file final-v7.txt (compact mmCIF, C-alpha atoms)
# COMPACT_ATOMS: atom_id res chain seq x y z
CA MET A 1 252.84 -137.95 54.64
CA LYS A 2 250.38 -139.70 52.52
CA GLU A 3 247.35 -137.74 51.50
CA ILE A 4 244.21 -139.28 52.82
CA ILE A 5 241.46 -139.29 50.25
CA PRO A 6 238.02 -139.93 51.72
CA THR A 7 236.20 -142.73 50.01
CA ALA A 8 232.66 -142.36 48.80
CA THR A 9 230.12 -143.19 51.42
CA LYS A 10 228.01 -146.12 50.45
CA LEU A 11 224.33 -145.94 51.18
CA PRO A 12 222.89 -148.91 53.01
CA ALA A 13 220.37 -151.06 51.24
CA ALA A 14 217.60 -149.74 53.47
CA SER A 15 218.03 -146.23 52.04
CA CYS A 16 217.14 -147.29 48.50
CA PRO A 17 213.36 -147.32 49.10
CA GLN A 18 213.67 -143.91 50.77
CA ARG A 19 215.58 -142.62 47.76
CA ASP A 20 212.94 -144.01 45.41
CA ARG A 21 210.18 -142.31 47.39
CA LEU A 22 212.13 -139.05 47.25
CA HIS A 23 212.43 -139.32 43.48
CA ARG A 24 208.74 -140.05 43.13
CA ARG A 25 207.89 -137.08 45.32
CA ARG A 26 210.06 -134.79 43.23
CA GLY A 27 208.54 -136.20 40.06
CA SER A 28 205.02 -135.55 41.34
CA ARG A 29 205.97 -131.96 42.16
CA LEU A 30 207.34 -131.45 38.67
CA THR A 31 204.20 -132.97 37.18
CA GLN A 32 202.03 -130.67 39.29
CA ALA A 33 204.11 -127.66 38.21
CA ARG A 34 203.66 -128.63 34.56
CA ARG A 35 199.93 -129.11 35.13
CA TYR A 36 199.62 -125.57 36.52
CA SER A 37 201.93 -124.08 33.91
CA ALA A 38 200.57 -121.43 31.56
CA ARG A 39 202.08 -123.12 28.51
CA ASN A 40 200.73 -126.66 28.60
CA THR A 41 198.85 -126.22 25.32
CA PRO A 42 199.21 -123.80 22.37
CA THR A 43 195.86 -122.19 23.24
CA GLN A 44 196.93 -121.72 26.85
CA ALA A 45 200.26 -120.24 25.75
CA TRP A 46 198.44 -117.81 23.45
CA LYS A 47 196.08 -116.76 26.23
CA TRP A 48 199.04 -116.16 28.53
CA LYS A 49 200.82 -113.96 25.99
CA ASN A 50 197.66 -112.08 25.02
CA THR A 51 196.66 -111.46 28.64
CA ALA A 52 200.17 -110.28 29.53
CA VAL A 53 200.09 -107.74 26.67
CA SER A 54 196.62 -106.57 27.73
CA LEU A 55 197.76 -106.21 31.35
CA THR A 56 200.70 -104.08 30.25
CA HIS A 57 198.38 -101.84 28.23
CA SER A 58 195.99 -101.46 31.17
CA LEU A 59 198.78 -100.55 33.59
CA ILE A 60 200.07 -97.87 31.22
CA THR A 61 196.82 -96.35 30.00
CA GLY A 62 195.00 -96.54 33.35
CA SER A 63 197.64 -94.52 35.17
CA TRP A 64 198.28 -92.29 32.15
CA SER A 65 194.60 -91.28 31.83
CA LEU A 66 194.48 -90.21 35.48
CA TYR A 67 197.71 -88.26 35.05
CA CYS A 68 196.30 -86.38 32.03
CA PHE A 69 193.59 -84.76 34.19
CA TYR A 70 196.08 -84.12 36.98
CA GLU A 71 198.49 -82.46 34.56
CA HIS A 72 195.84 -80.36 32.79
CA PRO A 73 192.71 -79.83 34.99
CA LYS A 74 191.05 -77.68 32.30
CA LEU A 75 190.65 -80.85 30.29
CA ALA A 76 187.64 -81.67 32.47
CA GLU A 77 185.99 -78.31 31.76
CA ASP A 78 185.72 -78.82 28.00
CA LEU A 79 185.83 -82.43 26.84
CA ILE A 80 185.25 -81.46 23.21
CA ASN A 81 187.74 -78.76 22.25
CA THR A 82 190.48 -78.97 24.90
CA TYR A 83 193.61 -80.59 23.49
CA THR A 84 196.89 -81.70 25.04
CA SER A 85 199.71 -83.55 23.35
CA SER A 86 199.93 -86.06 26.21
CA SER A 87 196.24 -86.95 25.89
CA HIS A 88 196.51 -87.26 22.12
CA MET A 89 199.49 -89.61 22.47
CA LEU A 90 197.58 -91.67 25.02
CA ILE A 91 194.61 -92.16 22.70
CA SER A 92 196.88 -92.97 19.75
CA PHE A 93 198.68 -95.58 21.86
CA SER A 94 195.37 -97.18 22.83
CA VAL A 95 194.16 -97.28 19.23
CA GLY A 96 197.35 -99.11 18.27
CA TYR A 97 196.83 -101.64 21.04
CA PHE A 98 193.19 -102.33 20.12
CA ILE A 99 194.15 -102.83 16.46
CA HIS A 100 196.90 -105.27 17.52
CA ASP A 101 194.58 -107.18 19.85
CA PHE A 102 191.86 -107.35 17.20
CA LEU A 103 194.25 -108.85 14.64
CA ASP A 104 195.74 -111.22 17.23
CA MET A 105 192.32 -112.67 18.07
CA ALA A 106 191.20 -112.75 14.43
CA LEU A 107 194.27 -114.75 13.40
CA CYS A 108 194.92 -116.96 16.43
CA HIS A 109 191.74 -117.37 18.47
CA ARG A 110 188.51 -117.43 16.49
CA LYS A 111 185.99 -118.32 19.15
CA ARG A 112 182.75 -116.89 20.49
CA SER A 113 184.40 -115.02 23.36
CA SER A 114 186.87 -113.49 20.91
CA TYR A 115 184.09 -112.33 18.60
CA GLU A 116 182.48 -110.41 21.46
CA LEU A 117 185.77 -108.66 22.22
CA MET A 118 186.35 -107.97 18.54
CA VAL A 119 183.01 -106.14 18.34
CA HIS A 120 184.04 -104.14 21.42
CA HIS A 121 187.37 -103.29 19.81
CA VAL A 122 185.71 -102.12 16.59
CA CYS A 123 183.51 -99.69 18.56
CA VAL A 124 186.48 -98.37 20.51
CA ILE A 125 188.70 -97.99 17.41
CA CYS A 126 185.99 -96.02 15.60
CA CYS A 127 185.33 -93.67 18.54
CA PHE A 128 188.99 -93.17 19.46
CA GLY A 129 189.97 -92.87 15.81
CA LEU A 130 187.66 -89.87 15.50
CA ALA A 131 189.45 -88.19 18.41
CA VAL A 132 192.89 -88.98 16.98
CA TRP A 133 192.04 -87.90 13.43
CA GLY A 134 190.11 -84.73 14.24
CA ALA A 135 191.95 -83.75 17.46
CA MET A 136 188.54 -83.23 19.10
CA PHE A 137 186.75 -85.04 21.94
CA VAL A 138 190.18 -85.80 23.37
CA GLY A 139 189.05 -85.27 26.95
CA TYR A 140 186.01 -87.48 26.42
CA ALA A 141 188.22 -90.29 25.10
CA VAL A 142 190.58 -89.93 28.06
CA VAL A 143 187.62 -90.32 30.43
CA ALA A 144 186.71 -93.52 28.61
CA LEU A 145 190.19 -94.87 29.36
CA PHE A 146 189.45 -94.71 33.09
CA VAL A 147 187.99 -98.19 32.66
CA GLU A 148 191.52 -99.51 32.18
CA VAL A 149 192.07 -99.09 35.93
CA ASN A 150 189.62 -101.94 36.43
CA SER A 151 191.06 -103.87 33.48
CA VAL A 152 194.25 -104.34 35.51
CA PHE A 153 192.41 -106.56 38.01
CA LEU A 154 190.41 -108.25 35.26
CA HIS A 155 193.62 -109.35 33.53
CA ILE A 156 195.22 -110.44 36.81
CA ARG A 157 192.14 -112.57 37.43
CA GLN A 158 192.54 -114.11 33.98
CA ILE A 159 196.19 -114.91 34.70
CA TYR A 160 195.18 -116.66 37.92
CA ILE A 161 192.67 -118.75 35.99
CA ILE A 162 195.19 -119.65 33.29
CA THR A 163 197.78 -120.79 35.84
CA GLY A 164 195.22 -122.90 37.75
CA ALA A 165 194.99 -120.81 40.92
CA SER A 166 192.25 -121.87 43.33
CA LYS A 167 189.36 -119.48 43.89
CA GLU A 168 189.75 -120.05 47.63
CA GLU A 169 193.30 -118.67 47.76
CA PRO A 170 193.68 -115.32 49.58
CA ARG A 171 195.36 -113.67 46.58
CA TYR A 172 192.47 -114.65 44.31
CA ARG A 173 189.86 -113.50 46.83
CA LEU A 174 191.64 -110.16 47.33
CA ASN A 175 191.85 -109.58 43.60
CA SER A 176 188.16 -110.48 43.26
CA MET A 177 187.17 -107.84 45.79
CA LEU A 178 189.34 -105.20 44.14
CA ASN A 179 187.99 -106.24 40.76
CA ILE A 180 184.36 -105.78 41.80
CA GLY A 181 185.06 -102.47 43.56
CA THR A 182 186.92 -100.94 40.64
CA PHE A 183 184.39 -102.39 38.21
CA VAL A 184 181.59 -100.40 39.85
CA VAL A 185 183.62 -97.19 40.12
CA PHE A 186 185.69 -97.15 36.93
CA ARG A 187 183.35 -99.00 34.56
CA ILE A 188 179.69 -98.75 35.47
CA ALA A 189 179.89 -95.29 37.03
CA VAL A 190 182.19 -93.87 34.33
CA LEU A 191 180.17 -95.29 31.44
CA GLY A 192 176.96 -94.04 33.06
CA TRP A 193 178.44 -90.56 33.40
CA MET A 194 179.58 -90.64 29.76
CA THR A 195 176.05 -91.58 28.66
CA ARG A 196 174.60 -88.70 30.69
CA TRP A 197 177.16 -86.29 29.21
CA ILE A 198 176.42 -87.22 25.61
CA VAL A 199 172.67 -86.80 26.19
CA ILE A 200 173.09 -83.38 27.81
CA HIS A 201 175.44 -82.13 25.04
CA LYS A 202 173.38 -83.54 22.21
CA ASP A 203 172.94 -80.07 20.65
CA ASP A 204 176.71 -79.49 20.62
CA LEU A 205 177.37 -82.62 18.53
CA SER A 206 176.78 -83.35 14.90
CA LEU A 207 174.39 -86.14 14.01
CA PRO A 208 177.10 -88.62 12.85
CA VAL A 209 179.17 -88.01 15.97
CA TYR A 210 176.14 -88.32 18.24
CA THR A 211 175.04 -91.53 16.50
CA LEU A 212 178.51 -93.08 16.67
CA GLY A 213 178.92 -92.19 20.34
CA SER A 214 175.44 -93.37 21.34
CA VAL A 215 175.64 -96.71 19.53
CA GLY A 216 179.18 -97.38 20.75
CA LEU A 217 178.31 -96.53 24.36
CA ALA A 218 175.16 -98.65 24.29
CA MET A 219 177.01 -101.73 23.05
CA ILE A 220 179.93 -101.31 25.45
CA MET A 221 177.59 -100.68 28.39
CA LEU A 222 175.61 -103.84 27.60
CA MET A 223 178.78 -105.93 27.35
CA ASN A 224 180.06 -104.62 30.68
CA ILE A 225 176.79 -105.36 32.48
CA VAL A 226 176.85 -108.95 31.20
CA LEU A 227 180.52 -109.26 32.21
CA PHE A 228 179.76 -107.92 35.69
CA PHE A 229 177.09 -110.54 36.34
CA ARG A 230 179.31 -113.32 34.98
CA ILE A 231 182.11 -112.37 37.36
CA CYS A 232 179.74 -112.15 40.33
CA ILE A 233 178.28 -115.59 39.58
CA VAL A 234 181.66 -117.27 39.11
CA ASP A 235 183.59 -115.62 41.96
CA PHE A 236 180.93 -115.01 44.62
CA THR A 237 178.37 -117.81 44.27
CA LYS A 238 178.75 -120.62 46.79
CA LYS A 239 177.17 -123.12 44.43
CA LYS A 240 180.02 -122.68 42.00
CA HIS A 241 182.58 -123.13 44.76
CA LYS A 242 180.86 -126.29 45.99
CA GLU A 243 180.79 -127.75 42.50
CA SER A 244 184.44 -126.84 42.03
CA ASN A 245 185.43 -128.43 45.34
CA LYS A 246 183.40 -131.55 44.53
CA PHE A 247 185.07 -131.83 41.15
CA SER A 248 188.52 -131.41 42.75
CA ALA A 249 187.73 -134.13 45.29
CA GLN A 250 186.60 -136.49 42.54
CA MET A 251 189.75 -135.86 40.53
CA LYS A 252 191.90 -136.45 43.61
CA LYS A 253 190.09 -139.71 44.34
CA LEU A 254 190.53 -140.80 40.73
CA LYS A 255 194.23 -139.98 40.87
CA ASN A 256 194.66 -142.01 44.07
CA ASN A 257 192.92 -144.97 42.45
CA GLU A 258 195.21 -144.71 39.43
CA ASP A 259 198.26 -144.60 41.72
CA VAL A 260 197.10 -147.74 43.53
CA GLY A 261 196.33 -149.51 40.28
CA GLY A 262 199.65 -148.46 38.76
CA GLU A 263 201.73 -150.10 41.49
CA GLY A 264 200.48 -153.53 40.46
CA SER A 265 200.79 -155.01 43.92
CA VAL A 266 197.26 -154.24 45.00
CA VAL A 267 195.53 -155.16 41.78
CA SER A 268 197.51 -158.27 40.96
CA LYS A 269 197.35 -159.75 44.43
CA THR A 270 193.63 -159.41 44.75
CA SER A 271 192.03 -162.84 44.74
CA PRO A 272 189.36 -163.34 42.14
CA THR A 273 185.83 -163.50 43.44
CA PRO A 274 183.92 -166.73 42.76
CA SER A 275 181.27 -166.41 40.09
CA LEU A 276 177.71 -167.45 40.79
CA LEU A 277 176.82 -167.50 37.10
CA PRO A 278 177.33 -170.30 34.61
CA ASN A 279 180.50 -170.29 32.58
CA SER A 280 178.59 -169.52 29.42
CA THR A 281 177.24 -166.24 30.83
CA ASN A 282 179.23 -163.11 29.84
CA LEU A 283 178.62 -159.77 31.53
CA HIS A 284 180.39 -156.56 30.55
CA ILE A 285 180.22 -154.12 33.41
CA ASN A 286 181.69 -150.62 33.02

call {"tool": "encode", "arguments": {"input": "final-v7.txt", "output": "structure tokens"}}
result
Amino acid sequence: MKEIIPTATKLPAASCPQRDRLHRRRGSRLTQARRYSARNTPTQAWKWKNTAVSLTHSLITGSWSLYCFYEHPKLAEDLINTYTSSSHMLISFSVGYFIHDFLDMALCHRKRSSYELMVHHVCVICCFGLAVWGAMFVGYAVVALFVEVNSVFLHIRQIYIITGASKEEPRYRLNSMLNIGTFVVFRIAVLGWMTRWIVIHKDDLSLPVYTLGSVGLAMIMLMNIVLFFRICIVDFTKKKHKESNKFSAQMKKLKNNEDVGGEGSVVSKTSPTPSLLPNSTNLHIN
């Protein structure tokens, strides 16, 4: 018997336009994916890497700080003299991260927003460095790391912004609510309690330590209040959403006009309108 080999099926001529439309649709999807990629520009790629490292640090230190008080409850009774090896390792790990992040911003991203974070990092490195070097105020430093619980949602929010996620998406809205809730509990409330503690225990601290702690807390508290209002304005103000939606609609309309103009059939076949002006009159209309 002869082996029957099926011949290739030829597509009819009518399927060619359908195939072209399919290719254009796939191309537009790839273009959209590249537009929403986190590595379109070198700055965007740096932000993605930096935010990913910061998110990893927040996940580790946020859960680790809570575990330190669960493992050793007496740490909360004496925040000055109580010492545990786990807490000391946690603070040392955080100091290393803040030094790395400071150098990363100083070398790769010298902008106004980076300068604000660099000042924050200097305050934290000085305060935590005292706890690491002198093995004192370990419990107080661990309490300060409670803010990293909120930093998890802050960094997730930043990742959404980098990748072009819409503020109307359910995942973004959910993260915004969790971000605000944890911001109030783990930042404002914790920093307020730390300020109250350092005022009450003023007599138990030396003047340099009290000055360093007071100045550092004041600067960090001010930065967090400003950050809180910025987030509320951007994520929960309808005016911002309306402006964003209006801008998106304008960009979509512009893209549709470019698509129509790029085909050539609409623009080239349009009949020229008769001029009511003399031939010597030239008008340049933008």

call {"tool": "closest_atom_pairs", "arguments": {"input": "final-v7.txt", "of": "region 27-97 of chain A", "to": "region 124-133 of chain A", "cutoff": "9 Å", "atoms": "all atoms listed in the file", "output": "tab-separated table"}}
result
residue	atom	partner	partner_atom	distance
A:His88	CA	A:Val132	CA	6.5
A:Met89	CA	A:Val132	CA	8.6
A:Ile91	CA	A:Phe128	CA	6.6
A:Ser92	CA	A:Val132	CA	6.3
A:Ser94	CA	A:Phe128	CA	8.3
A:Val95	CA	A:Ile125	CA	5.8
A:Gly96	CA	A:Ile125	CA	8.8

call {"tool": "residues_around", "arguments": {"input": "final-v7.txt", "residues": "Leu79 (chain A)", "least_positions_apart": "5", "cutoff": "7 Å", "atoms": "only C-alpha atoms", "output": "mmCIF file with C-alpha atoms, keeping the file's coordinate frame"}}
result
data_model
loop_
_atom_site.group_PDB
_atom_site.id
_atom_site.type_symbol
_atom_site.label_atom_id
_atom_site.label_comp_id
_atom_site.auth_asym_id
_atom_site.auth_seq_id
_atom_site.Cartn_x
_atom_site.Cartn_y
_atom_site.Cartn_z
ATOM 1 C CA PHE A 137 186.750 -85.040 21.940
ATOM 2 C CA VAL A 138 190.180 -85.800 23.370
ATOM 3 C CA GLY A 139 189.050 -85.270 26.950
ATOM 4 C CA TYR A 140 186.010 -87.480 26.420
#

call {"tool": "residues_around", "arguments": {"input": "final-v7.txt", "residues": "region 191-207 of chain A", "least_positions_apart": "2", "cutoff": "9 Å", "atoms": "only C-alpha atoms", "output": "PyMOL selection string"}}
result
chain A and resi 140+143-144+147+186-189+209-214+217-218+220-221

call {"tool": "atom_distance", "arguments": {"input": "final-v7.txt", "atom1": "CA of Thr41 (chain A)", "atom2": "CA of Pro170 (chain A)"}}
result
27.1 Å

call {"tool": "axis_aligned_box", "arguments": {"input": "final-v7.txt", "around": "region 201-209 of chain A", "padding_each_side": "4 Å", "output": "JSON"}}
result
{"center_x": 176.1, "center_y": -84.1, "center_z": 18.9, "size_x": 14.2, "size_y": 17.1, "size_z": 20.2}

call {"tool": "closest_residue", "arguments": {"input": "final-v7.txt", "among": "A:Val185, A:Gly216, A:Ile162, A:Ile225", "to": "Trp48 (chain A)", "atoms": "only C-alpha atoms"}}
result
A:Ile162

call {"tool": "atom_distance", "arguments": {"input": "final-v7.txt", "atom1": "CA of Ile80 (chain A)", "atom2": "CA of Met136 (chain A)"}}
result
5.6 Å

call {"tool": "closest_residue", "arguments": {"input": "final-v7.txt", "among": "A:Thr163, A:Asn175, A:Ser113, A:Thr82", "to": "Ala45 (chain A)", "atoms": "only C-alpha atoms"}}
result
A:Thr163

call {"tool": "closest_residue", "arguments": {"input": "final-v7.txt", "among": "A:Leu227, A:Tyr172, A:Ser65, A:Lys49", "to": "Leu117 (chain A)", "atoms": "only C-alpha atoms"}}
result
A:Leu227

call {"tool": "residues_near_point", "arguments": {"input": "final-v7.txt", "point": "(187.6, -102.6, 39.6)", "cutoff": "12 Å", "atoms": "only C-alpha atoms", "output": "PyMOL selection string"}}
result
chain A and resi 58+62+146-157+174-190+224+228+231

call {"tool": "atom_distance", "arguments": {"input": "final-v7.txt", "atom1": "CA of Arg173 (chain A)", "atom2": "CA of Thr43 (chain A)"}}
result
25.8 Å

call {"tool": "build_atoms", "arguments": {"input": "final-v7.txt", "residues": "region 49-75 of chain A", "atoms": "N, CA and C atoms", "output": "PDB file, keeping the file's coordinate frame"}}
result
ATOM      1  N   LYS A  49     200.157-115.076  26.670  1.00  0.00           N
ATOM      2  CA  LYS A  49     200.820-113.960  25.990  1.00  0.00           C
ATOM      3  C   LYS A  49     199.849-112.798  25.758  1.00  0.00           C
ATOM      4  N   ASN A  50     198.646-113.119  25.300  1.00  0.00           N
ATOM      5  CA  ASN A  50     197.660-112.080  25.020  1.00  0.00           C
ATOM      6  C   ASN A  50     197.245-111.339  26.286  1.00  0.00           C
ATOM      7  N   THR A  51     197.049-112.086  27.378  1.00  0.00           N
ATOM      8  CA  THR A  51     196.660-111.460  28.640  1.00  0.00           C
ATOM      9  C   THR A  51     197.792-110.605  29.210  1.00  0.00           C
ATOM     10  N   ALA A  52     199.030-111.055  29.045  1.00  0.00           N
ATOM     11  CA  ALA A  52     200.170-110.280  29.530  1.00  0.00           C
ATOM     12  C   ALA A  52     200.281-108.947  28.774  1.00  0.00           C
ATOM     13  N   VAL A  53     200.067-108.975  27.457  1.00  0.00           N
ATOM     14  CA  VAL A  53     200.090-107.740  26.670  1.00  0.00           C
ATOM     15  C   VAL A  53     198.956-106.811  27.099  1.00  0.00           C
ATOM     16  N   SER A  54     197.765-107.373  27.310  1.00  0.00           N
ATOM     17  CA  SER A  54     196.620-106.570  27.730  1.00  0.00           C
ATOM     18  C   SER A  54     196.845-105.964  29.119  1.00  0.00           C
ATOM     19  N   LEU A  55     197.456-106.734  30.013  1.00  0.00           N
ATOM     20  CA  LEU A  55     197.760-106.210  31.350  1.00  0.00           C
ATOM     21  C   LEU A  55     198.738-105.056  31.275  1.00  0.00           C
ATOM     22  N   THR A  56     199.737-105.170  30.428  1.00  0.00           N
ATOM     23  CA  THR A  56     200.700-104.080  30.250  1.00  0.00           C
ATOM     24  C   THR A  56     200.013-102.822  29.732  1.00  0.00           C
ATOM     25  N   HIS A  57     199.120-102.991  28.756  1.00  0.00           N
ATOM     26  CA  HIS A  57     198.380-101.840  28.230  1.00  0.00           C
ATOM     27  C   HIS A  57     197.517-101.193  29.304  1.00  0.00           C
ATOM     28  N   SER A  58     196.859-102.009  30.130  1.00  0.00           N
ATOM     29  CA  SER A  58     195.990-101.460  31.170  1.00  0.00           C
ATOM     30  C   SER A  58     196.793-100.703  32.223  1.00  0.00           C
ATOM     31  N   LEU A  59     197.942-101.241  32.611  1.00  0.00           N
ATOM     32  CA  LEU A  59     198.780-100.550  33.590  1.00  0.00           C
ATOM     33  C   LEU A  59     199.222 -99.178  33.071  1.00  0.00           C
ATOM     34  N   ILE A  60     199.584 -99.127  31.790  1.00  0.00           N
ATOM     35  CA  ILE A  60     200.070 -97.870  31.220  1.00  0.00           C
ATOM     36  C   ILE A  60     198.946 -96.871  31.030  1.00  0.00           C
ATOM     37  N   THR A  61     197.881 -97.287  30.347  1.00  0.00           N
ATOM     38  CA  THR A  61     196.820 -96.350  30.000  1.00  0.00           C
ATOM     39  C   THR A  61     195.969 -95.957  31.213  1.00  0.00           C
ATOM     40  N   GLY A  62     195.780 -96.876  32.168  1.00  0.00           N
ATOM     41  CA  GLY A  62     195.000 -96.540  33.350  1.00  0.00           C
ATOM     42  C   GLY A  62     195.640 -95.425  34.160  1.00  0.00           C
ATOM     43  N   SER A  63     196.930 -95.562  34.419  1.00  0.00           N
ATOM     44  CA  SER A  63     197.640 -94.520  35.170  1.00  0.00           C
ATOM     45  C   SER A  63     197.844 -93.253  34.329  1.00  0.00           C
ATOM     46  N   TRP A  64     198.056 -93.431  33.047  1.00  0.00           N
ATOM     47  CA  TRP A  64     198.280 -92.290  32.150  1.00  0.00           C
ATOM     48  C   TRP A  64     197.019 -91.429  32.033  1.00  0.00           C
ATOM     49  N   SER A  65     195.852 -92.045  31.947  1.00  0.00           N
ATOM     50  CA  SER A  65     194.600 -91.280  31.830  1.00  0.00           C
ATOM     51  C   SER A  65     194.344 -90.437  33.076  1.00  0.00           C
ATOM     52  N   LEU A  66     194.628 -91.000  34.252  1.00  0.00           N
ATOM     53  CA  LEU A  66     194.480 -90.210  35.480  1.00  0.00           C
ATOM     54  C   LEU A  66     195.475 -89.060  35.526  1.00  0.00           C
ATOM     55  N   TYR A  67     196.684 -89.306  35.038  1.00  0.00           N
ATOM     56  CA  TYR A  67     197.710 -88.260  35.050  1.00  0.00           C
ATOM     57  C   TYR A  67     197.353 -87.127  34.086  1.00  0.00           C
ATOM     58  N   CYS A  68     196.666 -87.427  32.992  1.00  0.00           N
ATOM     59  CA  CYS A  68     196.300 -86.380  32.030  1.00  0.00           C
ATOM     60  C   CYS A  68     195.413 -85.313  32.686  1.00  0.00           C
ATOM     61  N   PHE A  69     194.454 -85.731  33.508  1.00  0.00           N
ATOM     62  CA  PHE A  69     193.590 -84.760  34.190  1.00  0.00           C
ATOM     63  C   PHE A  69     194.325 -84.077  35.328  1.00  0.00           C
ATOM     64  N   TYR A  70     195.278 -84.758  35.945  1.00  0.00           N
ATOM     65  CA  TYR A  70     196.080 -84.120  36.980  1.00  0.00           C
ATOM     66  C   TYR A  70     197.009 -83.070  36.373  1.00  0.00           C
ATOM     67  N   GLU A  71     197.570 -83.383  35.209  1.00  0.00           N
ATOM     68  CA  GLU A  71     198.490 -82.460  34.560  1.00  0.00           C
ATOM     69  C   GLU A  71     197.767 -81.240  33.988  1.00  0.00           C
ATOM     70  N   HIS A  72     196.582 -81.440  33.445  1.00  0.00           N
ATOM     71  CA  HIS A  72     195.840 -80.360  32.790  1.00  0.00           C
ATOM     72  C   HIS A  72     194.394 -80.392  33.294  1.00  0.00           C
ATOM     73  N   PRO A  73     194.082 -79.774  34.440  1.00  0.00           N
ATOM     74  CA  PRO A  73     192.710 -79.830  34.990  1.00  0.00           C
ATOM     75  C   PRO A  73     191.656 -79.235  34.073  1.00  0.00           C
ATOM     76  N   LYS A  74     192.039 -78.292  33.199  1.00  0.00           N
ATOM     77  CA  LYS A  74     191.050 -77.680  32.300  1.00  0.00           C
ATOM     78  C   LYS A  74     190.504 -78.678  31.291  1.00  0.00           C
ATOM     79  N   LEU A  75     191.150 -79.826  31.193  1.00  0.00           N
ATOM     80  CA  LEU A  75     190.650 -80.850  30.290  1.00  0.00           C
ATOM     81  C   LEU A  75     189.259 -81.305  30.694  1.00  0.00           C
TER      82      LEU A  75
END
